[in-house]
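S.K.: So I've got this file, start_0.txt, and it contains compact mmCIF, C-alpha atoms:
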# COMPACT_ATOMS: atom_id res chain seq x y z
CA MET F 281 -17.45 -50.41 21.72
CA LYS F 282 -19.69 -50.99 24.73
CA LYS F 283 -23.24 -49.80 25.33
CA ASP F 284 -23.76 -51.09 28.86
CA LEU F 285 -23.21 -47.70 30.48
CA LYS F 286 -26.62 -46.11 31.08
CA MET F 287 -26.87 -42.35 31.32
CA GLU F 288 -29.96 -40.25 31.68
CA ASN F 289 -28.53 -37.35 29.74
CA LYS F 290 -27.43 -38.58 26.31
CA LYS F 291 -25.54 -35.35 25.65
CA TYR F 292 -23.27 -35.98 28.59
CA ILE F 293 -19.64 -36.56 27.68
CA LYS F 294 -16.94 -37.58 30.12
CA VAL F 295 -13.27 -38.29 29.62
CA ASN F 296 -12.00 -40.61 32.33
CA GLY F 297 -11.06 -44.27 32.81
CA LEU F 298 -7.36 -43.55 32.38
CA GLU F 299 -5.93 -46.99 32.95
CA GLU F 300 -2.44 -48.40 32.81
CA ARG F 301 -2.07 -51.27 30.36
CA GLY F 302 1.46 -52.62 30.68
CA PHE F 303 3.62 -50.00 28.93
CA THR F 304 0.65 -47.98 27.59
CA TYR F 305 -2.38 -46.07 28.85
CA ARG F 306 -5.96 -46.09 27.64
CA ILE F 307 -8.38 -43.20 27.84
CA SER F 308 -12.11 -43.93 27.97
CA ILE F 309 -14.63 -41.57 26.45
CA TYR F 310 -18.24 -41.86 27.60
CA SER F 311 -20.99 -40.26 25.54
CA ASN F 312 -24.55 -41.01 24.48
CA CYS F 313 -24.56 -44.19 26.54
CA GLU F 314 -21.55 -45.43 24.64
CA GLN F 315 -17.96 -45.99 25.60
CA ASP F 316 -14.89 -45.62 23.37
CA LYS F 317 -11.34 -46.44 24.39
CA TYR F 318 -8.20 -44.97 22.87
CA THR F 319 -4.62 -46.05 23.49
CA ILE F 320 -1.88 -43.53 24.05
CA PRO F 321 0.99 -44.38 21.66
CA GLN F 322 3.76 -46.28 23.36
CA GLN F 323 6.48 -43.75 22.53
CA TYR F 324 4.92 -41.41 25.08
CA ILE F 325 5.06 -43.95 27.89
CA VAL F 326 8.66 -44.09 29.14
CA GLY F 327 8.68 -45.04 32.82
CA ASP F 328 6.86 -42.57 35.02
CA LYS F 329 8.21 -39.31 33.60
CA ASN F 330 5.44 -38.91 31.01
CA LYS F 331 2.55 -39.67 33.34
CA PRO F 332 1.90 -35.95 33.94
CA LEU F 333 1.63 -35.48 30.15
CA ILE F 334 -0.92 -38.29 29.86
CA PHE F 335 -3.04 -36.86 32.67
CA ALA F 336 -2.75 -33.40 31.10
CA VAL F 337 -4.12 -34.75 27.82
CA ARG F 338 -7.10 -36.27 29.60
CA THR F 339 -7.76 -32.99 31.42
CA LEU F 340 -7.40 -31.04 28.20
CA LEU F 341 -9.86 -33.27 26.35
CA GLN F 342 -12.38 -32.89 29.17
CA HIS F 343 -11.98 -29.11 28.94
CA TYR F 344 -12.69 -29.23 25.21
CA VAL F 345 -15.85 -31.29 25.55
CA ASP F 346 -17.10 -29.26 28.54
CA ASN F 347 -16.76 -26.09 26.46
CA HIS F 348 -18.37 -27.63 23.36
CA LEU F 349 -15.16 -27.41 21.38
CA LEU F 350 -15.18 -31.13 20.67
CA GLN F 351 -17.79 -33.79 20.15
CA THR F 352 -17.14 -37.40 20.94
CA ASN F 353 -17.19 -38.50 17.29
CA GLU F 354 -14.30 -36.11 16.63
CA ILE F 355 -12.00 -37.77 19.14
CA ASN F 356 -9.77 -40.47 17.72
CA SER F 357 -6.24 -41.78 18.01
CA LYS F 358 -4.97 -39.36 15.36
CA LEU F 359 -6.33 -36.40 17.33
CA LEU F 360 -4.66 -37.64 20.51
CA LEU F 361 -1.38 -37.97 18.66
CA GLU F 362 -1.70 -34.42 17.25
CA ILE F 363 -2.32 -33.01 20.73
CA LEU F 364 0.61 -34.91 22.20
CA ASN F 365 2.84 -33.59 19.40
CA GLY F 366 1.72 -30.04 20.11
CA LYS F 367 0.32 -29.64 16.60
CA ILE F 368 -3.21 -28.65 17.53
CA ILE F 369 -4.69 -26.39 20.16
CA PHE F 370 -8.40 -25.69 20.37
CA ASP F 371 -9.39 -22.16 21.21
CA ARG F 372 -12.48 -19.97 21.03
CA THR F 373 -10.82 -17.31 18.91
CA ILE F 374 -10.84 -18.90 15.48
CA ASN F 375 -13.36 -20.52 13.17
CA ASN F 376 -14.09 -24.22 13.69
CA ASP F 377 -14.18 -25.02 9.97
CA LEU F 378 -10.43 -25.54 10.22
CA ARG F 379 -10.48 -28.35 12.76
CA SER F 380 -9.34 -30.89 10.20
CA ASN F 381 -6.44 -28.73 8.99
CA TYR F 382 -3.25 -29.50 10.87
CA SER F 383 0.17 -28.06 10.24
CA SER F 384 3.72 -28.54 11.44
CA ASP F 385 3.21 -25.57 13.75
CA ALA F 386 0.69 -25.54 16.56
CA GLN F 387 -2.68 -25.02 14.85
CA ILE F 388 -5.07 -22.87 16.87
CA ILE F 389 -8.68 -23.77 16.13
CA SER F 390 -11.94 -22.46 17.43
CA HIS F 391 -15.62 -21.95 16.95
CA SER F 392 -16.45 -18.32 17.34
CA ILE F 393 -14.34 -15.90 15.24
CA ASP F 394 -16.22 -14.45 12.30
CA THR F 395 -13.97 -15.23 9.34
CA ARG F 396 -16.24 -13.60 6.79
CA ILE F 397 -14.22 -11.30 4.61
CA VAL F 398 -16.57 -8.38 5.30
CA THR F 399 -15.76 -8.61 9.01
CA GLN F 400 -12.02 -8.92 8.46
CA LEU F 401 -11.96 -5.97 6.04
CA ASN F 402 -13.93 -3.75 8.40
CA ASN F 403 -11.53 -4.67 11.19
CA LYS F 404 -8.58 -3.82 8.95
CA LEU F 405 -10.15 -0.47 8.01
CA SER F 406 -10.48 0.33 11.70
CA ILE F 407 -6.80 -0.47 12.20
CA TYR F 408 -5.87 1.71 9.23
CA SER F 409 -7.78 4.63 10.76
CA LYS F 410 -5.65 4.39 13.91
CA ARG F 411 -2.42 4.48 11.90
CA ILE F 412 -3.03 7.82 10.17
CA ASP F 413 -0.11 10.21 10.58
CA ASN F 414 0.37 13.00 8.08
CA LYS F 415 3.50 14.41 9.69
CA SER F 416 5.99 11.53 9.61
CA HIS F 417 7.45 8.87 7.36
CA ASP F 418 7.10 6.12 9.97
CA PRO F 419 6.66 2.89 7.95
CA ASN F 420 4.02 1.79 10.47
CA LYS F 421 1.91 4.88 9.73
CA ILE F 422 -0.10 5.89 6.68
CA LYS F 423 -1.10 9.22 5.21
CA GLU F 424 -4.73 10.27 5.45
CA ALA F 425 -4.98 10.20 1.65
CA THR F 426 -3.79 6.59 1.69
CA TYR F 427 -6.40 5.73 4.30
CA PHE F 428 -9.19 7.11 2.11
CA LYS F 429 -7.81 5.20 -0.86
CA TYR F 430 -7.97 1.96 1.16
CA LYS F 431 -11.43 2.88 2.44
CA THR F 432 -12.70 3.38 -1.10
CA SER F 433 -11.23 0.05 -2.17
CA ILE F 434 -12.77 -1.80 0.76
CA LEU F 435 -16.25 -0.27 0.66
CA ASN F 436 -16.71 0.07 -3.10
CA GLU F 437 -14.96 -3.03 -4.43
CA LEU F 438 -13.78 -5.66 -1.98
CA ILE F 439 -16.82 -5.94 0.29
CA PRO F 440 -19.42 -5.82 -2.53
CA ASN F 441 -17.56 -8.53 -4.45
CA PHE F 442 -16.12 -10.76 -1.73
CA GLY F 443 -17.66 -9.70 1.59
CA ASN F 444 -19.99 -12.69 2.03
CA TYR F 445 -17.23 -15.27 1.55
CA LYS F 446 -15.25 -16.68 4.43
CA LEU F 447 -11.49 -16.38 4.20
CA GLN F 448 -11.10 -20.08 3.46
CA GLU F 449 -13.91 -20.09 0.86
CA LEU F 450 -12.60 -17.42 -1.51
CA THR F 451 -10.53 -18.79 -4.39
CA LYS F 452 -8.14 -17.39 -6.95
CA LEU F 453 -10.77 -18.07 -9.59
CA HIS F 454 -13.22 -15.73 -7.82
CA ILE F 455 -10.62 -12.95 -7.90
CA ILE F 456 -9.66 -13.59 -11.52
CA GLU F 457 -13.33 -13.40 -12.58
CA TRP F 458 -13.54 -10.05 -10.79
CA VAL F 459 -10.34 -8.82 -12.46
CA ASP F 460 -11.69 -9.75 -15.90
CA GLN F 461 -14.67 -7.42 -15.52
CA LEU F 462 -12.80 -4.47 -13.99
CA GLU F 463 -12.57 -1.25 -16.01
CA VAL F 464 -9.63 0.30 -14.20
CA THR F 465 -5.89 0.53 -14.71
CA PHE F 466 -3.44 -2.00 -13.34
CA LYS F 467 -2.16 0.59 -10.86
CA THR F 468 -5.67 1.11 -9.49
CA PHE F 469 -6.14 -2.66 -9.21
CA ARG F 470 -2.97 -2.91 -7.12
CA ASP F 471 -4.43 -0.29 -4.79
CA TYR F 472 -7.65 -2.30 -4.56
CA ILE F 473 -5.89 -5.52 -3.65
CA ILE F 474 -3.66 -4.22 -0.83
CA PRO F 475 -6.27 -4.54 1.98
CA LEU F 476 -7.33 -8.00 0.76
CA LYS F 477 -3.73 -9.24 0.76
CA ALA F 478 -3.28 -7.73 4.23
CA ILE F 479 -6.17 -9.64 5.84
CA TYR F 480 -4.94 -12.94 4.40
CA SER F 481 -1.42 -12.24 5.64
CA ASP F 482 -2.77 -11.45 9.12
CA ALA F 483 -5.02 -14.51 9.20
CA ILE F 484 -2.16 -16.84 8.29
CA SER F 485 0.21 -15.26 10.81
CA LEU F 486 -2.41 -15.64 13.54
CA LYS F 487 -3.17 -19.21 12.38
CA ILE F 488 -6.79 -18.35 11.72
CA ILE F 489 -6.35 -20.09 8.40
CA PRO F 490 -3.61 -22.46 7.25
CA GLN F 491 -0.92 -21.46 4.76
CA SER F 492 -2.69 -23.52 2.11
CA CYS F 493 -5.53 -20.95 2.07
CA ASN F 494 -3.19 -18.14 1.04
CA LEU F 495 -4.49 -16.78 -2.28
CA PHE F 496 -1.38 -14.69 -2.73
CA ASP F 497 1.24 -17.39 -2.25
CA ASP F 498 2.54 -16.62 -5.73
CA ASP F 499 2.25 -13.81 -8.26
CA TYR F 500 -0.44 -15.43 -10.40
CA ILE F 501 -3.22 -12.95 -9.60
CA ILE F 502 -0.93 -9.95 -10.07
CA ARG F 503 0.49 -11.30 -13.33
CA ARG F 504 -2.99 -12.06 -14.66
CA ALA F 505 -4.19 -8.54 -13.82
CA ALA F 506 -1.13 -7.06 -15.53
CA GLU F 507 -2.04 -8.98 -18.68
CA VAL F 508 -5.69 -7.92 -18.91
CA LEU F 509 -5.72 -4.40 -17.43
CA PRO F 510 -4.24 -1.29 -19.08
CA ASN F 511 -1.12 -0.05 -17.32
CA GLY F 512 -2.58 3.43 -16.92
CA MET F 513 0.58 5.18 -18.06
CA ARG F 514 -0.44 8.16 -20.14
CA GLU F 515 1.92 9.43 -22.78
CA ILE F 516 3.84 12.28 -21.24
CA ASN F 517 3.44 15.68 -22.85
CA PRO F 518 6.22 18.06 -21.76
CA LEU F 519 6.52 21.57 -23.09
CA THR F 520 8.60 21.91 -26.24
CA TRP F 521 11.48 24.33 -26.50
CA ASP F 522 9.43 26.51 -28.83
CA GLU F 523 6.71 26.73 -26.17
CA ILE F 524 9.26 27.46 -23.44
CA LYS F 525 10.64 30.32 -25.55
CA ILE F 526 7.13 31.76 -25.97
CA ILE F 527 6.68 31.78 -22.19
CA PHE F 528 10.11 33.36 -21.59
CA SER F 529 9.26 36.08 -24.12
CA ALA F 530 5.82 36.83 -22.66
CA PRO F 531 5.21 39.81 -20.34
CA ASP F 532 6.07 39.20 -16.71
CA THR F 533 3.15 37.79 -14.72
CA TYR F 534 2.79 35.56 -11.67
CA MET F 535 1.81 32.63 -13.91
CA LYS F 536 4.85 33.05 -16.16
CA PHE F 537 7.12 32.89 -13.12
CA LEU F 538 5.30 29.88 -11.68
CA ILE F 539 5.42 27.82 -14.90
CA LEU F 540 9.10 28.48 -15.62
CA PHE F 541 10.01 27.83 -11.99
CA THR F 542 8.22 24.45 -12.14
CA CYS F 543 9.73 23.51 -15.51
CA PHE F 544 13.27 24.02 -14.23
CA THR F 545 12.92 22.61 -10.70
CA GLY F 546 10.64 19.58 -11.23
CA ILE F 547 8.73 20.42 -8.07
CA ARG F 548 5.43 18.59 -7.49
CA ALA F 549 2.20 20.59 -7.49
CA ALA F 550 1.44 19.73 -3.83
CA GLU F 551 4.94 20.91 -2.89
CA LEU F 552 4.69 24.04 -5.00
CA VAL F 553 1.46 25.36 -3.47
CA ASN F 554 2.93 25.01 0.04
CA LEU F 555 6.43 26.31 -0.75
CA LYS F 556 7.44 28.96 1.80
CA ILE F 557 9.46 32.05 0.97
CA LYS F 558 11.94 31.13 3.71
CA ASN F 559 12.63 27.80 1.99
CA VAL F 560 13.77 29.39 -1.28
CA ASN F 561 17.40 30.07 -0.48
CA ALA F 562 18.74 32.05 -3.44
CA ARG F 563 21.97 32.84 -1.60
CA LYS F 564 22.89 29.16 -1.34
CA GLY F 565 21.27 28.30 -4.65
CA VAL F 566 18.85 25.67 -3.30
CA ILE F 567 15.14 25.20 -2.67
CA HIS F 568 14.29 23.27 0.49
CA ILE F 569 11.33 20.90 0.04
CA ILE F 570 10.09 19.87 3.49
CA ASP F 571 6.30 19.37 3.24
CA GLN F 572 3.28 19.57 0.94
CA TYR F 573 -0.36 20.65 0.90
CA THR F 574 -2.93 18.08 -0.21
CA GLY F 575 -5.89 20.42 -0.50
CA LYS F 576 -7.00 19.59 3.04
CA ASN F 577 -3.93 19.42 5.23
CA VAL F 578 -0.25 20.20 5.29
CA THR F 579 1.48 16.83 5.38
CA ALA F 580 4.93 15.36 5.20
CA CYS F 581 6.23 14.91 1.69
CA LYS F 582 5.20 11.93 -0.40
CA SER F 583 8.17 9.91 0.85
CA LYS F 584 11.29 10.40 2.92
CA ASP F 585 13.31 10.88 -0.27
CA SER F 586 10.94 13.67 -1.32
CA GLU F 587 12.37 15.87 1.44
CA ARG F 588 15.22 17.31 -0.57
CA ASP F 589 17.19 20.33 -1.73
CA ILE F 590 16.64 21.28 -5.38
CA LYS F 591 19.47 23.10 -7.13
CA ILE F 592 18.52 26.51 -8.53
CA LEU F 593 19.66 26.69 -12.16
CA GLU F 594 21.04 30.02 -13.35
CA LEU F 595 18.41 29.91 -16.07
CA ILE F 596 15.70 30.87 -13.56
CA GLU F 597 17.63 33.04 -11.10
CA ASP F 598 16.03 36.20 -12.55
CA ILE F 599 12.59 34.55 -12.35
CA ILE F 600 13.11 33.87 -8.64
CA ILE F 601 14.23 37.43 -7.97
CA LYS F 602 11.14 38.79 -9.75
CA GLN F 603 8.89 36.45 -7.74
CA TYR F 604 10.43 37.78 -4.53
CA SER F 605 9.45 41.27 -5.68
CA LEU F 606 5.93 40.10 -6.49
CA CYS F 607 5.56 38.68 -2.98
CA SER F 608 6.63 42.02 -1.56
CA GLU F 609 4.21 43.89 -3.82
CA PHE F 610 1.29 41.73 -2.64
CA LYS F 611 2.54 41.89 0.97
CA GLN F 612 2.82 38.12 0.93
CA SER F 613 5.22 37.07 3.68
CA GLU F 614 4.65 33.32 3.79
CA TYR F 615 4.05 31.54 0.47
CA PHE F 616 6.43 31.94 -2.46
CA PHE F 617 3.68 31.29 -5.02
CA PHE F 618 0.13 32.38 -4.26
CA ASN F 619 -3.23 33.11 -5.79
CA PRO F 620 -3.18 36.86 -6.59
CA ASN F 621 -6.98 36.95 -6.40
CA THR F 622 -6.97 35.90 -2.74
CA GLY F 623 -3.45 36.74 -1.59
CA THR F 624 -3.08 33.25 -0.11
CA ARG F 625 -1.74 29.96 -1.41
CA PHE F 626 -3.64 28.07 -4.07
CA SER F 627 -6.26 25.94 -2.35
CA SER F 628 -5.51 22.86 -4.47
CA SER F 629 -3.62 21.67 -7.52
CA THR F 630 -6.96 21.61 -9.36
CA LYS F 631 -7.43 25.35 -8.81
CA LEU F 632 -3.83 25.94 -9.84
CA ASN F 633 -4.31 23.97 -13.07
CA LYS F 634 -7.28 26.18 -13.99
CA HIS F 635 -5.03 29.25 -13.83
CA ILE F 636 -2.39 27.43 -15.88
CA THR F 637 -4.88 26.39 -18.57
CA LYS F 638 -6.16 29.93 -18.94
CA TYR F 639 -2.66 31.39 -19.18
CA LEU F 640 -1.42 28.88 -21.78
CA ALA F 641 -4.52 29.43 -23.89
CA GLU F 642 -3.79 33.16 -23.98
CA LEU F 643 -0.32 32.34 -25.36
CA GLY F 644 -1.68 29.88 -27.91
CA ILE F 645 -0.08 26.90 -26.17
CA LYS F 646 -2.10 23.73 -25.81
CA ARG F 647 -3.32 22.70 -22.40
CA ARG F 648 -0.87 21.26 -19.85
CA THR F 649 -1.08 20.55 -16.14
CA CYS F 650 1.44 21.38 -13.47
CA HIS F 651 2.53 17.74 -13.46
CA GLU F 652 3.50 18.01 -17.12
CA PHE F 653 5.91 20.80 -16.19
CA ARG F 654 7.54 18.22 -13.93
CA HIS F 655 7.76 15.97 -16.99
CA THR F 656 9.37 18.89 -18.81
CA TYR F 657 12.06 19.15 -16.15
CA ALA F 658 12.80 15.41 -16.29
CA SER F 659 12.90 15.43 -20.09
CA ILE F 660 15.43 18.26 -20.10
CA MET F 661 17.63 17.14 -17.25
CA LEU F 662 17.89 13.51 -18.33
CA GLN F 663 19.55 14.72 -21.52
CA ALA F 664 22.22 16.50 -19.52
CA GLU F 665 22.73 14.98 -16.09
CA ASP F 666 23.28 11.67 -14.34
CA VAL F 667 20.06 9.70 -13.94
CA GLN F 668 20.65 9.09 -10.22
CA TRP F 669 21.16 12.80 -9.60
CA VAL F 670 17.98 13.70 -11.49
CA ALA F 671 16.05 11.11 -9.46
CA GLY F 672 17.27 12.76 -6.26
CA GLN F 673 16.30 16.21 -7.49
CA MET F 674 12.80 14.96 -8.29
CA GLY F 675 12.38 13.17 -4.96
CA HIS F 676 12.56 9.56 -6.19
CA SER F 677 14.32 6.96 -4.06
CA THR F 678 15.43 4.93 -7.09
CA ILE F 679 15.94 5.47 -10.81
CA GLU F 680 13.46 2.79 -11.91
CA LEU F 681 10.51 5.16 -12.29
CA LEU F 682 12.55 7.60 -14.34
CA ILE F 683 13.83 4.86 -16.61
CA SER F 684 10.38 3.35 -17.17
CA THR F 685 8.66 6.72 -17.70
CA TYR F 686 11.24 8.53 -19.81
CA SER F 687 13.11 5.73 -21.59
CA HIS F 688 11.68 6.72 -24.97
CA ILE F 689 12.72 10.31 -24.40
CA LEU F 690 16.25 9.23 -23.60
CA LYS F 691 16.25 7.24 -26.80
CA GLU F 692 14.35 9.48 -29.21
CA ARG F 693 14.74 13.11 -28.15
CA SER F 694 18.28 13.60 -29.29
CA GLU F 695 19.56 16.79 -30.87
CA SER F 696 17.60 15.98 -34.00
CA CYS F 697 14.42 16.33 -31.96
CA GLY F 698 15.27 19.86 -30.93
CA TYR F 699 16.96 19.38 -27.57
CA LYS F 700 20.33 21.11 -27.50
CA ILE F 701 20.96 21.12 -23.75
CA ARG F 702 24.34 20.05 -22.45
CA ASN F 703 25.71 20.69 -18.97
CA PRO F 704 27.33 24.11 -19.54
CA MET F 705 24.26 25.43 -21.35
CA LEU F 706 22.08 24.94 -18.28
CA TYR F 707 23.89 27.89 -16.74
CA GLU F 708 24.24 30.08 -19.85
CA LYS F 709 20.70 31.27 -20.36
CA ASN F 710 21.31 33.68 -23.26
CA GLU F 711 23.07 31.09 -25.40
CA LEU F 712 20.52 28.45 -24.45
CA LEU F 713 17.54 30.53 -25.45
CA PHE F 714 18.63 32.82 -28.21
CA SER F 715 21.68 31.44 -30.05
CA LYS F 716 21.21 31.13 -33.80
CA GLY F 717 21.61 27.38 -33.90
CA SER F 718 18.90 26.80 -31.34
CA LYS F 719 15.61 25.27 -32.41
CA MET F 720 13.78 26.82 -29.51
Now, as a test, write the supplied structure out as structure tokens.
M.R.:
Amino acid sequence: MKKDLKMENKKYIKVNGLEERGFTYRISIYSNCEQDKYTIPQQYIVGDKNKPLIFAVRTLLQHYVDNHLLQTNEINSKLLLEILNGKIIFDRTINNDLRSNYSSDAQIISHSIDTRIVTQLNNKLSIYSKRIDNKSHDPNKIKEATYFKYKTSILNELIPNFGNYKLQELTKLHIIEWVDQLEVTFKTFRDYIIPLKAIYSDAISLKIIPQSCNLFDDDYIIRRAAEVLPNGMREINPLTWDEIKIIFSAPDTYMKFLILFTCFTGIRAAELVNLKIKNVNARKGVIHIIDQYTGKNVTACKSKDSERDIKILELIEDIIIKQYSLCSEFKQSEYFFFNPNTGTRFSSSTKLNKHITKYLAELGIKRRTCHEFRHTYASIMLQAEDVQWVAGQMGHSTIELLISTYSHILKERSESCGYKIRNPMLYEKNELLFSKGSKM
């Protein structure tokens, strides 16, 4: 190293002095009145064809130092080799803490991007807001309800707990410590973690951080959360046959029709409150489910598979006919089920459940929600029909959820538990309800 070069400005850095040395080249770096020389590896010097590459490297280095992307003490033979191999590119778009992290792919490195998790999460939330589409099942879009779920996760959990960390500073241990103090179900945790996983996936794809910083490179965090958090699956509580018989025997009312309709169609509450008269096709024996009402907006169904035709069982044909008459009596021309106090659809599943609770109490039946009538349908149909068919009727894309939710019913609720349904009996309502051998 030489110190005979005098410069007035000690911060001045210059890359020049490219000199040919036999079959190699040397690049001279001048800075702080000092000179350093670095030799270009010989494998890059083959005749004259690589001379443009050598001059390009010198120009590139000068660009880096002129733009304060490199300091002279960071330049060494290894760095030159990485640049020549195309493994490192300096840019202003990514955080400079990664300058020492090289990978087999071109590593983009920079000084100015804010890699704090709070910034990345806020950016992701902004992207989510632009992807809201309640009308389609485009996989690149999300429902408004999903957006608010992500927003709650980001603002109430992820930013307060991890916002001040940079992407490359957060560790699995930090997340595990957070998991250990959570008082939520495993399902809720998985909702929480989706935006965090997304920003790490984006950062790695954009080479903001190297693959080694990926906290979700395996299932450790998910498996740990599954071990310490409750699964959140409540014991299902379908109506019993005795309770169904009580409802069938009760005087005709709008709530009687609604409950029995739900118990023998498996329709979701959000689908039920938005069900149109025109979509109940008694002539063809099907109910067309095409959309739902979330309490704020009419949206596409929960999934593409939720758009379906539900078979009308003979058991409730009379109920459907009576509901048609009730619609006519109330001059209701749009919604098949409606709030008789307002003449319009129920404003939410919560309001609907209040009516249900009151009605069941009058009959001496313990409280249920509309969703438990869906459980009733599954519990009945799984004793009689193919699992895949039942999944399709309920709007599930696969049978896994049915198997996991109702496996104990399939095992335990045999005839000895009071269920006598078999395929023919689904369509013979008198025998089903009132035969002597029935335990209804």
S.K.: Between F:Leu643, F:Lys536, F:Arg625, F:Cys581, which one has atoms that come closest to Ser613 (chain F), using all atoms listed in the file?
M.R.: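 Ranking F:Leu643, F:Lys536, F:Arg625, F:Cys581 by distance to Ser613 (chain F), first place goes to F:Arg625.
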S.K.: Do you know which residues are at most 9 Å from Asn633 (chain F) counting only C-alpha atoms, after dropping those on the same chain fewer than 5 positions away, and could you put them as a list of chain:residue names?
M.R.: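 In the requested format, the answer is F:Ser628, F:Lys638, F:Arg648, F:Thr649, F:Cys650.
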S.K.: Those selected residues, please, written with C-alpha atoms and delivered as a CSV table (one decimal), in the coordinates of the input.
M.R.:
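Dumped to again-v4.csv:
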chain,number,residue,atom,x,y,z
F,628,SER,CA,-5.5,22.9,-4.5
F,638,LYS,CA,-6.2,29.9,-18.9
F,648,ARG,CA,-0.9,21.3,-19.8
F,649,THR,CA,-1.1,20.6,-16.1
F,650,CYS,CA,1.4,21.4,-13.5
S.K.: With a distance cut-off of 10 Å and all atoms listed in the file, select the neighbouring residues of region 671-688 of chain F, excluding the residue or stretch itself and same-chain residues fewer than 2 positions from it, and output the selection as an MDAnalysis selection string.
M.R.: chainID F and resid 513:516 545:548 569 581:591 654:655 657:659 661:662 666:669 690:693
S.K.: Calculate how many Å separate CA of Ser492 (chain F) from CA of Ser406 (chain F), rounding to one decimal.
M.R.: 26.9 Å
S.K.: For Asn577 (chain F), which residue among F:Ser627, F:Gln315, F:Asn403, F:Asn511 is the nearest when counting only C-alpha atoms?
M.R.: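 Going through F:Ser627, F:Gln315, F:Asn403, F:Asn511 one by one, the smallest distance to Asn577 (chain F) is for F:Ser627.
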S.K.: Taking only C-alpha atoms into account, which of F:Ile479, F:Ile636, F:Ile456, F:Leu435 comes nearest Ile407 (chain F)?
M.R.: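 The answer is F:Ile479, which sits nearest to Ile407 (chain F).
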S.K.: Looking at F:Thr574, F:Thr468, F:Thr399, F:Thr656, which one is nearest to Ser433 (chain F), with distances taken over all atoms listed in the file?
M.R.: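 Of all the options, F:Thr468 lies closest to Ser433 (chain F).
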S.K.: If we count only C-alpha atoms, what is near Ala549 (chain F) at a cut-off of 6 Å, once residues fewer than 2 positions away on the same chain are taken out, given as a PyMOL selection string?
M.R.: chain F and resi 551-552+629
S.K.: Write to file, as a compact mmCIF listing (two decimals), keeping the file's coordinate frame, the residues of the selection just made, with C-alpha atoms.
M.R.:
# COMPACT_ATOMS: atom_id res chain seq x y z
CA GLU F 551 4.94 20.91 -2.89
CA LEU F 552 4.69 24.04 -5.00
CA SER F 629 -3.62 21.67 -7.52
S.K.: Could you work out how far CA of Glu449 (chain F) lies from CA of Phe496 (chain F), giving the answer in Å with one decimal?
M.R.: 14.1 Å
S.K.: So what do you get for CA of Cys543 (chain F) versus CA of Lys415 (chain F), distance-wise?
M.R.: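 One can read the CA of Cys543 (chain F) to CA of Lys415 (chain F) distance as 27.5 Å.
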S.K.: Pick from F:Thr395, F:Lys423, F:Val553, F:Lys452: nearest to Tyr500 (chain F), with only C-alpha atoms counted?
M.R.: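 With only C-alpha atoms as the atom set, the closest residue is F:Lys452.
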S.K.: Closest to Ile526 (chain F) among F:Ile397, F:Leu495, F:Ala580, F:Ile645, using all atoms listed in the file?
M.R.: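 Ranking F:Ile397, F:Leu495, F:Ala580, F:Ile645 by distance to Ile526 (chain F), first place goes to F:Ile645.
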